[in-house]
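What follows is one structure encoded as structure tokens, with my remarks underneath.
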Amino acid sequence: MKKFAMVLAALLTGLSTHALAHGDAQAMHGGIVQVASDIQYELVAQQDGAALYVVDHGKPADVGAMSGKLTVLNGTQKSEATLKPAGGNKLEAVQVRIAAGSKVVARIDGANGKATTVRFVIK
């Protein structure tokens with residue numbers, strides 16, 4: 001029985017380490033990172049809009065066939081902009097203002113027709 005408990009503890013430790021490694025999302029462009037459906041999304045505020053970088057399991061995703069909408073709430077003001085491919089793994093939205101305290105919702109329509117929603121809070 002003691003041997004079984006040791007084997008079970010070793011297996012559970014291995015599983016928890018794997019789960020931690022899988023969820024390790026790091027900002028590569030100085031933005032805010034969220035993970036949805038095992039895809040990493042990094043929102044980066046720009047002068048006249050925002051960029052959304054998409055990473056699939058550590059590799060830049062091809063966003064050429066993706067589109068979507070970015071909704072920004074600044075207090076009581078709401079603005080929306082279309083997300084369009086901007087080369088590589090970058091989607092861009094123009095004419096939206098992201099500031100401290102903003103709440104941002106990105107709806108990304110994938111090449112497979114599946115929509116994903118990602119929420120960000122700007123600190």
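Each chain of the structure tokens is named A, B, ... in the order shown, its residues numbered from 1; ligands are numbered from 1 in display order.
All residues in chain A with a DSSP state of alpha helix (DSSP H), computed from the backbone, read Lys2, Lys3, Phe4, Ala5, Met6, Val7, Leu8, Ala9, Ala10, Leu11, Leu12, Thr13, Gly14, Leu15, Ser16, Thr17, His18, Ala19, Leu20, Ala21 and His22 of chain A.
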Convert the current residue selection to file output with C-alpha atoms, as a PDB file, in the first residue's frame.
```
ATOM      1  CA  LYS A   2       2.863   2.357   0.821  1.00  0.00           C
ATOM      2  CA  LYS A   3       4.438   1.684  -2.577  1.00  0.00           C
ATOM      3  CA  PHE A   4       1.128   2.475  -4.315  1.00  0.00           C
ATOM      4  CA  ALA A   5       0.870   5.797  -2.460  1.00  0.00           C
ATOM      5  CA  MET A   6       4.411   6.733  -3.515  1.00  0.00           C
ATOM      6  CA  VAL A   7       3.719   5.903  -7.177  1.00  0.00           C
ATOM      7  CA  LEU A   8       0.448   7.871  -7.082  1.00  0.00           C
ATOM      8  CA  ALA A   9       2.191  10.890  -5.529  1.00  0.00           C
ATOM      9  CA  ALA A  10       4.906  10.778  -8.209  1.00  0.00           C
ATOM     10  CA  LEU A  11       2.308  10.644 -10.994  1.00  0.00           C
ATOM     11  CA  LEU A  12       0.315  13.548  -9.567  1.00  0.00           C
ATOM     12  CA  THR A  13       3.472  15.629  -9.193  1.00  0.00           C
ATOM     13  CA  GLY A  14       4.362  14.997 -12.832  1.00  0.00           C
ATOM     14  CA  LEU A  15       0.882  15.977 -13.994  1.00  0.00           C
ATOM     15  CA  SER A  16       0.835  19.209 -12.013  1.00  0.00           C
ATOM     16  CA  THR A  17       4.264  20.217 -13.363  1.00  0.00           C
ATOM     17  CA  HIS A  18       3.022  19.652 -16.917  1.00  0.00           C
ATOM     18  CA  ALA A  19      -0.053  21.811 -16.282  1.00  0.00           C
ATOM     19  CA  LEU A  20       2.071  24.662 -14.966  1.00  0.00           C
ATOM     20  CA  ALA A  21       4.435  24.560 -17.927  1.00  0.00           C
ATOM     21  CA  HIS A  22       1.542  24.584 -20.413  1.00  0.00           C
TER      22      HIS A  22
END
```
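For Val55 of chain A, the non-local neighbours within 7 Å, defined as residues at least 4 positions apart in the same chain or in other chains and counting only C-alpha atoms, are Ile39, Gln40, Tyr41, Lys59, Pro60 and Ala61 of chain A.
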* **Which of A:Val33, A:Asp38, A:Val72, A:Asp62 sits closest to Gly87 of chain A [using only C-alpha atoms]** =>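 Closest to Gly87 of chain A of all the choices is A:Asp62.
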Which polymer residues have any atom within 8 Å of an atom of Val105 of chain A, counting only C-alpha atoms, with same-chain residues fewer than 2 positions away left out, as a PDB file with N, CA and C atoms, in the first residue's frame?
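Output saved as selection05.pdb:
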```
ATOM      1  N   LEU A  70     -12.558  44.373 -32.080  1.00  0.00           N
ATOM      2  CA  LEU A  70     -12.018  44.790 -30.796  1.00  0.00           C
ATOM      3  C   LEU A  70     -12.984  45.804 -30.203  1.00  0.00           C
ATOM      4  N   THR A  71     -13.469  45.540 -29.003  1.00  0.00           N
ATOM      5  CA  THR A  71     -14.363  46.450 -28.299  1.00  0.00           C
ATOM      6  C   THR A  71     -13.620  46.992 -27.090  1.00  0.00           C
ATOM      7  N   VAL A  72     -13.560  48.321 -26.963  1.00  0.00           N
ATOM      8  CA  VAL A  72     -12.829  48.972 -25.873  1.00  0.00           C
ATOM      9  C   VAL A  72     -13.806  49.799 -25.043  1.00  0.00           C
ATOM     10  N   LYS A 103     -11.191  48.354 -20.431  1.00  0.00           N
ATOM     11  CA  LYS A 103     -11.545  46.943 -20.535  1.00  0.00           C
ATOM     12  C   LYS A 103     -11.696  46.658 -22.017  1.00  0.00           C
ATOM     13  N   ARG A 107     -12.918  39.688 -30.169  1.00  0.00           N
ATOM     14  CA  ARG A 107     -13.578  38.521 -30.762  1.00  0.00           C
ATOM     15  C   ARG A 107     -12.800  38.185 -32.018  1.00  0.00           C
ATOM     16  N   THR A 117     -13.447  34.475 -27.913  1.00  0.00           N
ATOM     17  CA  THR A 117     -13.531  35.753 -27.220  1.00  0.00           C
ATOM     18  C   THR A 117     -12.464  35.808 -26.141  1.00  0.00           C
ATOM     19  N   VAL A 118     -11.725  36.916 -26.112  1.00  0.00           N
ATOM     20  CA  VAL A 118     -10.649  37.102 -25.133  1.00  0.00           C
ATOM     21  C   VAL A 118     -10.854  38.452 -24.461  1.00  0.00           C
ATOM     22  N   ARG A 119     -10.763  38.475 -23.122  1.00  0.00           N
ATOM     23  CA  ARG A 119     -10.950  39.702 -22.353  1.00  0.00           C
ATOM     24  C   ARG A 119      -9.650  40.163 -21.729  1.00  0.00           C
ATOM     25  N   PHE A 120      -9.435  41.484 -21.755  1.00  0.00           N
ATOM     26  CA  PHE A 120      -8.250  42.093 -21.172  1.00  0.00           C
ATOM     27  C   PHE A 120      -8.672  43.260 -20.283  1.00  0.00           C
TER      28      PHE A 120
END
```
* To do: Within 8 Å of Ala51 of chain A, counting only C-alpha atoms, which residues show up once you throw out same-chain ones fewer than 5 positions away? Write them as a PyMOL selection string, please.
  => chain A and resi 42-46+90-93
* Would you return as a ChimeraX atom specification the members of chain A that DSSP assigns to strand (DSSP E) on this structure's backbone? => /A:32-36,39-46,49-56,59-60,67-74,77-85,90-94,103-109,115-121
* Asked: Leaving out Ala65 of chain A and any residue of its chain fewer than 2 positions from it, which residues lie within 9 Å of it when counting only C-alpha atoms, given as number ranges by chain?
  -> A: 62-63, 67, 85, 109-112
With C-alpha atoms retained, write the just-selected residues as a short mmCIF file (atom, residue, chain, number, x, y, z; two decimals), in the first residue's frame.
```cif
data_model
loop_
_atom_site.label_atom_id
_atom_site.label_comp_id
_atom_site.auth_asym_id
_atom_site.auth_seq_id
_atom_site.Cartn_x
_atom_site.Cartn_y
_atom_site.Cartn_z
CA ASP A 62 -0.77 32.39 -39.24
CA VAL A 63 -3.47 35.06 -38.93
CA SER A 67 -10.54 38.56 -38.62
CA PRO A 85 -4.26 40.76 -40.45
CA ASP A 109 -12.93 34.65 -36.04
CA GLY A 110 -10.57 31.82 -36.93
CA ALA A 111 -9.90 30.37 -40.36
CA ASN A 112 -11.99 27.35 -39.33
#
```
